[in-house]
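Asker: Dropping in input39.cif, which is mmCIF, C-alpha atoms:
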```cif
data_input
#
loop_
_atom_site.label_atom_id
_atom_site.label_comp_id
_atom_site.auth_asym_id
_atom_site.auth_seq_id
_atom_site.Cartn_x
_atom_site.Cartn_y
_atom_site.Cartn_z
CA MET A 999 32.39 3.36 54.04
CA ALA A 1000 31.29 0.58 56.42
CA ALA A 1001 27.69 0.82 55.19
CA ALA A 1002 28.85 0.66 51.57
CA ALA A 1003 30.93 -2.43 52.30
CA ARG A 1004 27.95 -4.14 53.94
CA ASP A 1005 25.79 -3.24 50.96
CA ARG A 1006 28.32 -4.75 48.57
CA ARG A 1007 28.35 -7.94 50.62
CA ARG A 1008 24.56 -8.16 50.52
CA ARG A 1009 24.43 -7.70 46.75
CA GLY A 1010 27.16 -10.27 46.18
CA ARG A 1011 25.26 -13.17 47.80
CA ALA A 1012 22.16 -14.75 46.31
CA PRO A 1013 19.40 -15.64 48.80
CA GLY A 1014 19.66 -19.23 49.97
CA ALA A 1015 23.14 -19.79 48.50
CA ALA A 1016 26.01 -21.18 50.52
CA PRO A 1017 28.39 -18.27 51.17
CA ALA A 1018 31.63 -20.05 50.32
CA ALA A 1019 30.33 -21.78 47.20
CA ALA A 1020 28.53 -18.68 45.96
CA ALA A 1021 31.71 -16.65 46.11
CA GLU A 1022 33.47 -19.05 43.76
CA ASP A 1023 30.76 -19.94 41.25
CA ASP A 1024 30.64 -17.07 38.76
CA GLY A 1025 27.56 -17.27 36.57
CA GLU A 1026 25.84 -19.73 38.88
CA GLU A 1027 22.11 -20.12 38.43
CA HIS A 1028 20.30 -20.10 41.79
CA HIS A 1029 16.91 -21.78 41.93
CA LEU A 1030 14.54 -20.91 44.76
CA ASN A 1031 11.26 -22.70 45.24
CA PRO A 1032 8.53 -20.03 45.11
CA PHE A 1033 6.11 -22.38 46.87
CA LEU A 1034 8.34 -22.81 49.92
CA SER A 1035 9.66 -19.27 50.28
CA ASP A 1036 8.05 -16.94 52.81
CA GLU A 1037 9.97 -13.95 51.50
CA ALA A 1038 8.42 -11.18 49.43
CA PRO A 1039 8.33 -11.96 45.67
CA LEU A 1040 11.43 -10.89 43.79
CA SER A 1041 11.44 -9.36 40.33
CA SER A 1042 13.59 -12.32 39.29
CA ARG A 1043 14.21 -15.53 41.17
CA ILE A 1044 17.29 -16.25 39.08
CA GLN A 1045 20.36 -14.15 39.65
CA PHE A 1046 23.39 -14.06 37.39
CA ARG A 1047 26.84 -12.70 38.03
CA ASN A 1048 28.56 -10.59 35.42
CA VAL A 1049 30.41 -13.44 33.74
CA ALA A 1050 29.10 -14.62 30.36
CA SER A 1051 29.43 -17.96 28.63
CA ARG A 1052 30.01 -18.05 24.87
CA ALA A 1053 28.24 -20.18 22.28
CA ARG A 1054 28.51 -20.46 18.50
CA TRP A 1055 25.32 -20.50 16.45
CA VAL A 1056 24.91 -23.59 14.23
CA GLU A 1057 22.35 -22.73 11.56
CA ASP A 1058 21.81 -26.28 10.31
CA ALA A 1059 20.97 -27.45 13.83
CA GLY A 1060 19.00 -24.34 14.77
CA GLU A 1061 20.83 -24.04 18.08
CA ALA A 1062 24.16 -22.98 19.55
CA GLU A 1063 27.15 -25.05 20.63
CA VAL A 1064 28.66 -23.77 23.86
CA VAL A 1065 32.38 -23.11 23.39
CA ASP A 1066 33.12 -21.48 26.74
CA SER A 1067 30.91 -22.34 29.71
CA LYS A 1068 31.01 -20.25 32.87
CA GLY A 1069 29.68 -21.26 36.26
CA LYS A 1070 26.88 -23.79 36.65
CA LEU A 1071 24.28 -22.65 34.14
CA TRP A 1072 24.71 -25.94 32.31
CA LEU A 1073 23.20 -27.84 35.25
CA THR A 1074 19.65 -26.83 34.28
CA THR A 1075 20.05 -25.31 30.81
CA GLY A 1076 20.88 -26.88 27.46
CA VAL A 1077 21.18 -30.47 26.29
CA THR A 1078 24.35 -32.55 26.21
CA ARG A 1079 25.15 -34.59 23.12
CA GLY A 1080 28.45 -36.28 22.40
CA GLY A 1081 30.14 -34.48 25.28
CA LYS A 1082 29.08 -31.06 23.98
CA LEU A 1083 26.52 -28.63 25.39
CA TYR A 1084 23.90 -27.03 23.12
CA TYR A 1085 21.42 -24.20 23.77
CA ASN A 1086 18.19 -23.80 21.84
CA VAL A 1087 16.76 -20.43 20.80
CA GLU A 1088 14.61 -19.78 23.86
CA GLU A 1089 17.54 -20.56 26.16
CA ILE A 1090 19.80 -18.32 24.07
CA GLY A 1091 17.30 -15.46 24.20
CA PHE A 1092 16.80 -15.78 27.94
CA LEU A 1093 20.49 -15.95 28.81
CA ALA A 1094 21.50 -13.22 26.35
CA GLU A 1095 18.93 -10.83 27.82
CA ARG A 1096 20.57 -11.24 31.21
CA GLY A 1097 24.13 -10.90 30.01
CA ALA A 1098 24.88 -14.53 30.83
CA LEU A 1099 25.61 -15.58 27.23
CA VAL A 1100 27.40 -14.12 24.21
CA LEU A 1101 26.24 -15.67 20.93
CA LEU A 1102 28.82 -15.87 18.14
CA ASP A 1103 28.54 -16.44 14.41
CA ASP A 1104 30.79 -18.67 12.28
CA GLU A 1105 33.44 -15.97 12.03
CA GLY A 1106 33.54 -15.23 15.74
CA GLY A 1107 31.47 -12.05 15.52
CA THR A 1108 28.82 -11.28 18.11
CA ILE A 1109 25.16 -11.86 17.25
CA GLY A 1110 23.14 -9.14 18.96
CA THR A 1111 19.92 -9.45 20.93
CA GLU A 1112 17.84 -8.03 18.08
CA GLU A 1113 19.02 -10.76 15.72
CA ILE A 1114 18.33 -13.40 18.38
CA TYR A 1115 14.78 -12.05 18.71
CA LYS A 1116 14.34 -12.38 14.94
CA LYS A 1117 15.38 -16.03 15.12
CA ILE A 1118 12.81 -16.67 17.84
CA ALA A 1119 10.00 -14.66 16.25
CA GLY A 1120 10.50 -16.42 12.92
CA GLY A 1121 9.37 -19.67 14.52
CA SER A 1122 11.77 -21.74 12.40
CA TYR A 1123 13.80 -23.23 15.26
CA GLY A 1124 11.18 -25.04 17.30
CA CYS A 1125 10.02 -22.07 19.39
CA SER A 1126 7.57 -19.25 18.71
CA TRP A 1127 7.66 -15.79 20.28
CA ASP A 1128 4.74 -16.70 22.57
CA ALA A 1129 6.51 -19.88 23.68
CA PHE A 1130 9.61 -17.82 24.45
CA GLN A 1131 7.55 -15.46 26.62
CA ALA A 1132 6.15 -18.41 28.56
CA TYR A 1133 9.61 -19.98 28.93
CA LYS A 1134 11.11 -16.72 30.17
CA HIS A 1135 8.33 -16.16 32.69
CA LEU A 1136 8.74 -19.62 34.22
CA LYS A 1137 12.52 -19.34 34.33
CA LEU A 1138 12.29 -16.01 36.12
CA LEU A 1139 10.14 -17.70 38.75
CA GLY A 1140 12.88 -20.28 39.24
CA TYR A 1141 11.37 -23.31 37.52
CA ILE A 1142 13.53 -25.75 35.57
CA VAL A 1143 12.20 -25.78 32.00
CA GLY A 1144 13.05 -28.11 29.14
CA ARG A 1145 11.50 -28.89 25.78
CA TYR A 1146 8.99 -31.69 26.03
CA GLY A 1147 10.18 -35.13 24.92
CA VAL A 1148 13.81 -34.10 24.40
CA PRO A 1149 16.19 -35.76 26.88
CA TRP A 1150 18.59 -33.46 28.71
CA THR A 1151 21.32 -36.02 28.07
CA MET A 1152 21.60 -39.50 26.60
CA LYS A 1153 23.46 -40.70 29.70
CA HIS A 1154 21.26 -41.74 32.59
CA SER A 1155 22.14 -42.48 36.18
CA GLY A 1156 22.19 -46.20 36.96
CA THR A 1157 20.21 -45.59 40.15
CA CYS A 1158 17.56 -43.46 38.49
CA GLU A 1159 14.30 -44.56 36.99
CA VAL A 1160 14.13 -42.92 33.58
CA THR A 1161 10.89 -41.09 32.89
CA ASP A 1162 8.65 -43.19 30.64
CA TYR A 1163 7.26 -40.77 28.09
CA PRO A 1164 4.47 -41.91 25.78
CA LYS A 1165 5.83 -44.52 23.41
CA CYS A 1166 5.09 -42.39 20.37
CA MET A 1167 7.62 -39.78 21.59
CA ALA A 1168 10.78 -40.95 19.84
CA ALA A 1169 13.97 -39.41 21.25
CA THR A 1170 17.12 -39.50 19.15
CA ASP A 1171 20.76 -38.61 19.75
CA ARG A 1172 20.94 -35.79 17.21
CA CYS A 1173 21.58 -32.36 18.66
CA SER A 1174 19.20 -30.81 16.13
CA ASP A 1175 16.24 -32.68 17.64
CA ARG A 1176 15.48 -29.75 19.94
CA ALA A 1177 14.84 -27.50 16.94
CA ASN A 1178 13.51 -29.85 14.31
CA ASP A 1179 11.51 -32.57 16.12
CA ALA A 1180 8.38 -30.50 16.83
CA CYS A 1181 6.35 -32.60 14.37
CA ASN A 1182 6.82 -35.87 16.24
CA ASP A 1183 4.46 -38.80 16.34
CA ILE A 1184 2.22 -37.46 19.08
CA THR A 1185 1.79 -34.11 17.32
CA LYS A 1186 0.86 -35.90 14.11
CA SER A 1187 -1.70 -38.04 15.90
CA LEU A 1188 -3.28 -34.97 17.49
CA LYS A 1189 -3.46 -33.23 14.12
CA GLU A 1190 -5.20 -36.25 12.66
CA MET A 1191 -7.83 -35.76 15.36
CA HIS A 1192 -8.10 -32.06 14.43
CA ILE A 1193 -6.49 -30.87 17.66
CA ASP A 1194 -3.74 -28.97 15.90
CA GLU A 1195 -3.07 -26.40 18.58
CA ILE A 1196 -2.79 -28.54 21.72
CA TYR A 1197 0.46 -30.34 22.48
CA PRO A 1198 3.10 -29.83 25.15
CA SER A 1199 5.83 -27.33 24.44
CA PHE A 1200 7.75 -27.66 27.71
CA GLU A 1201 8.21 -29.98 30.65
CA ILE A 1202 8.46 -28.18 33.97
CA HIS A 1203 10.26 -29.20 37.16
CA LEU A 1204 10.08 -27.41 40.49
CA PRO A 1205 13.22 -25.53 41.59
CA ASN A 1206 15.62 -28.15 42.89
CA SER A 1207 19.26 -27.63 43.86
CA LYS A 1208 19.84 -31.39 43.41
CA PHE A 1209 18.41 -31.56 39.88
CA LYS A 1210 20.41 -33.83 37.56
CA LYS A 1211 20.02 -34.03 33.80
CA SER A 1212 20.87 -37.72 33.96
CA CYS A 1213 18.02 -38.26 36.44
CA PRO A 1214 15.47 -35.44 36.07
CA GLY A 1215 12.51 -37.45 37.33
CA VAL A 1216 8.90 -37.04 36.29
CA PRO A 1217 7.99 -33.43 35.36
CA THR A 1218 5.80 -31.53 37.79
CA PHE A 1219 3.62 -30.57 34.84
CA LEU A 1220 3.63 -30.19 31.06
CA LEU A 1221 2.88 -26.82 29.50
CA CYS A 1222 0.72 -26.43 26.39
CA LEU A 1223 0.35 -23.11 24.58
CA LEU A 1224 -3.12 -21.98 23.57
CA ARG A 1225 -3.35 -20.01 20.35
CA ASP A 1226 -6.87 -18.59 20.18
CA LYS A 1227 -9.36 -20.06 22.63
CA PRO A 1228 -9.55 -22.60 25.47
CA PRO A 1229 -9.92 -26.21 24.33
CA SER A 1230 -13.24 -28.02 24.42
CA ARG A 1231 -13.93 -30.77 26.93
CA ASP A 1232 -13.47 -33.48 24.31
CA GLU A 1233 -10.15 -31.99 23.22
CA LEU A 1234 -8.93 -31.83 26.84
CA GLU A 1235 -9.84 -35.42 27.55
CA THR A 1236 -8.18 -36.62 24.36
CA VAL A 1237 -4.95 -34.80 25.12
CA GLU A 1238 -4.84 -35.64 28.85
CA ASN A 1239 -5.16 -39.36 28.12
CA LYS A 1240 -1.92 -39.21 26.14
CA PHE A 1241 0.38 -38.32 29.04
CA ASP A 1242 -0.05 -41.02 31.67
CA GLY A 1243 -1.19 -38.84 34.52
CA ILE A 1244 1.37 -36.03 34.20
CA PRO A 1245 -0.59 -32.82 34.92
CA LEU A 1246 -1.18 -30.46 32.02
CA LYS A 1247 -1.25 -26.70 32.32
CA PHE A 1248 -2.10 -24.26 29.57
CA CYS A 1249 -0.61 -20.89 28.73
CA GLN A 1250 -2.20 -18.01 26.85
CA VAL A 1251 -0.01 -15.11 25.68
CA ASP A 1252 -1.90 -12.01 24.59
CA ASN A 1253 0.10 -8.90 23.70
CA GLY A 1254 2.77 -9.79 26.25
CA ARG A 1255 0.28 -10.67 28.97
CA ILE A 1256 0.84 -14.25 30.15
CA SER A 1257 -1.92 -16.32 31.73
CA PHE A 1258 -1.67 -19.88 33.01
CA LEU A 1259 -4.72 -22.14 33.16
CA SER A 1260 -5.53 -25.59 34.46
CA PHE A 1261 -8.75 -27.59 34.27
CA ASP A 1262 -10.20 -29.94 36.88
CA ASN A 1263 -13.08 -32.36 36.81
CA VAL A 1264 -15.92 -31.09 38.94
CA THR A 1265 -18.97 -33.12 39.92
CA LEU A 1266 -22.02 -31.04 40.71
CA PRO A 1267 -24.34 -32.35 43.41
CA SER A 1268 -27.65 -33.80 42.26
CA LEU A 1269 -30.59 -31.56 42.89
CA PRO A 1270 -33.78 -32.97 44.37
#
```
Have the structure of the file written as structure tokens, please.
Answerer:
Amino acid sequence: MAAAARDRRRRGRAPGAAPAAAAEDDGEEHHLNPFLSDEAPLSSRIQFRNVASRARWVEDAGEAEVVDSKGKLWLTTGVTRGGKLYYNVEEIGFLAERGALVLLDDEGGTIGTEEIYKKIAGGSYGCSWDAFQAYKHLKLLGYIVGRYGVPWTMKHSGTCEVTDYPKCMAATDRCSDRANDACNDITKSLKEMHIDEIYPSFEIHLPNSKFKKSCPGVPTFLLCLLRDKPPSRDELETVENKFDGIPLKFCQVDNGRISFLSFDNVTLPSLP
């Protein structure tokens, strides 16, 4: 009995969480920095309690409006517009898989995981199946992941320097931007240069318990998905010059196998 009680206590507390706060925050999302942890890798660096939020799917917007939020998932997930919280399809898929979100239709019925997968795989809501796999992998590692160029909120902290994205990235206050703004100015310019497949899908921040949507800071890196083959040197240089020094990383998804790549300039020594 005593051993069982100790085991229950161990399972009920996420690593690195404050005991008192953790006991009260059902559904809290715990971010651990994988670069600073000396512990053995976990199968998932995000742990959810068995309390689910609820969101209603809005077809015209291609995302879901949260109608009942549990815990602190909203701190690093979803965008806030007009005082309301919205989840896009990759966030819906990730949370639903872990029992942290119940997706509802217009009549209050539950939309199952299979139907959510169809929405993602169809690629009509700003996220492909490969992009979802990359998003899920990074979230499981504990990173904070948002769609590139889409502000978490339109309200910014007065003491925070707002990230200066390239001027051609126009951000608007419409909740549907996260699903429908994939063909923005920078994507169009890249297509004109015949670099159709290379543009950032996500902006990535390191795990940070003090992360604020109103003051997210500069992303640690931007993630671009590769479709068929690595980009050429000219393509890399053209794309990298667009993002003012923010590091770019590339992701290749092949039959569920996810690989992350980065490219550095290397100067070979002159031979005599």
Asker: With distances taken over all atoms listed in the file, which of A:Ile1090, A:Ala1132, A:Ala1053, A:Leu1223 is nearest to Asp1103 in chain A?
Answerer: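 Answer, going by the shortest atom-to-atom distance: A:Ala1053.
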Asker: Could you list the residues chosen by the PyMOL selection byres ((chain A and resi 1115-1128) around 6) in this structure as an NGL selection string?
Answerer: :A and (1060 or 1112-1114 or 1129-1131 or 1177 or 1251)
Asker: For CA of Lys1211 in chain A and CA of Val1148 in chain A, determine how far apart the two atoms are, in Å to one decimal place.
Answerer: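 These two atoms are separated by 11.3 Å.
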Asker: Do you have the CA of Leu1234 in chain A-CA of Pro1267 in chain A distance handy?
Answerer: 22.6 Å
Asker: Could you state which residues are captured by the PyMOL selection byres ((chain A and resi 1245) around 12) in this file, as a PyMOL selection string?
Answerer: chain A and resi 1198+1201-1203+1216-1222+1234+1237-1244+1246-1248+1259-1262
Asker: Please enumerate the residues selected by the PyMOL selection byres ((chain A and resi 1134) around 12) when evaluated against the supplied file, formatted as a JSON list (two decimals) with C-alpha atoms, in the frame of the given file.
Answerer:
```json
[["chain", "number", "residue", "atom", "x", "y", "z"],
["A", 1042, "SER", "CA", 13.59, -12.32, 39.29],
["A", 1043, "ARG", "CA", 14.21, -15.53, 41.17],
["A", 1044, "ILE", "CA", 17.29, -16.25, 39.08],
["A", 1087, "VAL", "CA", 16.76, -20.43, 20.80],
["A", 1088, "GLU", "CA", 14.61, -19.78, 23.86],
["A", 1089, "GLU", "CA", 17.54, -20.56, 26.16],
["A", 1090, "ILE", "CA", 19.80, -18.32, 24.07],
["A", 1091, "GLY", "CA", 17.30, -15.46, 24.20],
["A", 1092, "PHE", "CA", 16.80, -15.78, 27.94],
["A", 1093, "LEU", "CA", 20.49, -15.95, 28.81],
["A", 1094, "ALA", "CA", 21.50, -13.22, 26.35],
["A", 1095, "GLU", "CA", 18.93, -10.83, 27.82],
["A", 1096, "ARG", "CA", 20.57, -11.24, 31.21],
["A", 1127, "TRP", "CA", 7.66, -15.79, 20.28],
["A", 1128, "ASP", "CA", 4.74, -16.70, 22.57],
["A", 1129, "ALA", "CA", 6.51, -19.88, 23.68],
["A", 1130, "PHE", "CA", 9.61, -17.82, 24.45],
["A", 1131, "GLN", "CA", 7.55, -15.46, 26.62],
["A", 1132, "ALA", "CA", 6.15, -18.41, 28.56],
["A", 1133, "TYR", "CA", 9.61, -19.98, 28.93],
["A", 1135, "HIS", "CA", 8.33, -16.16, 32.69],
["A", 1136, "LEU", "CA", 8.74, -19.62, 34.22],
["A", 1137, "LYS", "CA", 12.52, -19.34, 34.33],
["A", 1138, "LEU", "CA", 12.29, -16.01, 36.12],
["A", 1139, "LEU", "CA", 10.14, -17.70, 38.75],
["A", 1140, "GLY", "CA", 12.88, -20.28, 39.24],
["A", 1141, "TYR", "CA", 11.37, -23.31, 37.52],
["A", 1142, "ILE", "CA", 13.53, -25.75, 35.57],
["A", 1143, "VAL", "CA", 12.20, -25.78, 32.00],
["A", 1144, "GLY", "CA", 13.05, -28.11, 29.14],
["A", 1200, "PHE", "CA", 7.75, -27.66, 27.71],
["A", 1254, "GLY", "CA", 2.77, -9.79, 26.25],
["A", 1256, "ILE", "CA", 0.84, -14.25, 30.15]]
```
Asker: Determine the nearest neighbour of Val1077 in chain A from the options A:Ser1257, A:Ser1212, A:Ser1051, A:Thr1265, counting all atoms listed in the file.
Answerer: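 Checking each candidate against Val1077 in chain A, we get A:Ser1212 as the closest.
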Asker: One number please: CA of Leu1224 in chain A to CA of Pro1149 in chain A, in Å, one decimal.
Answerer: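 CA of Pro1149 in chain A lies at a distance of 24.0 Å from CA of Leu1224 in chain A.
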Asker: Using only C-alpha atoms, which of the listed residues (A:Arg1231, A:Gln1250, A:Lys1210, A:Pro1270) sits closest to Leu1073 in chain A?
Answerer: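 The closest residue to Leu1073 in chain A is A:Lys1210.
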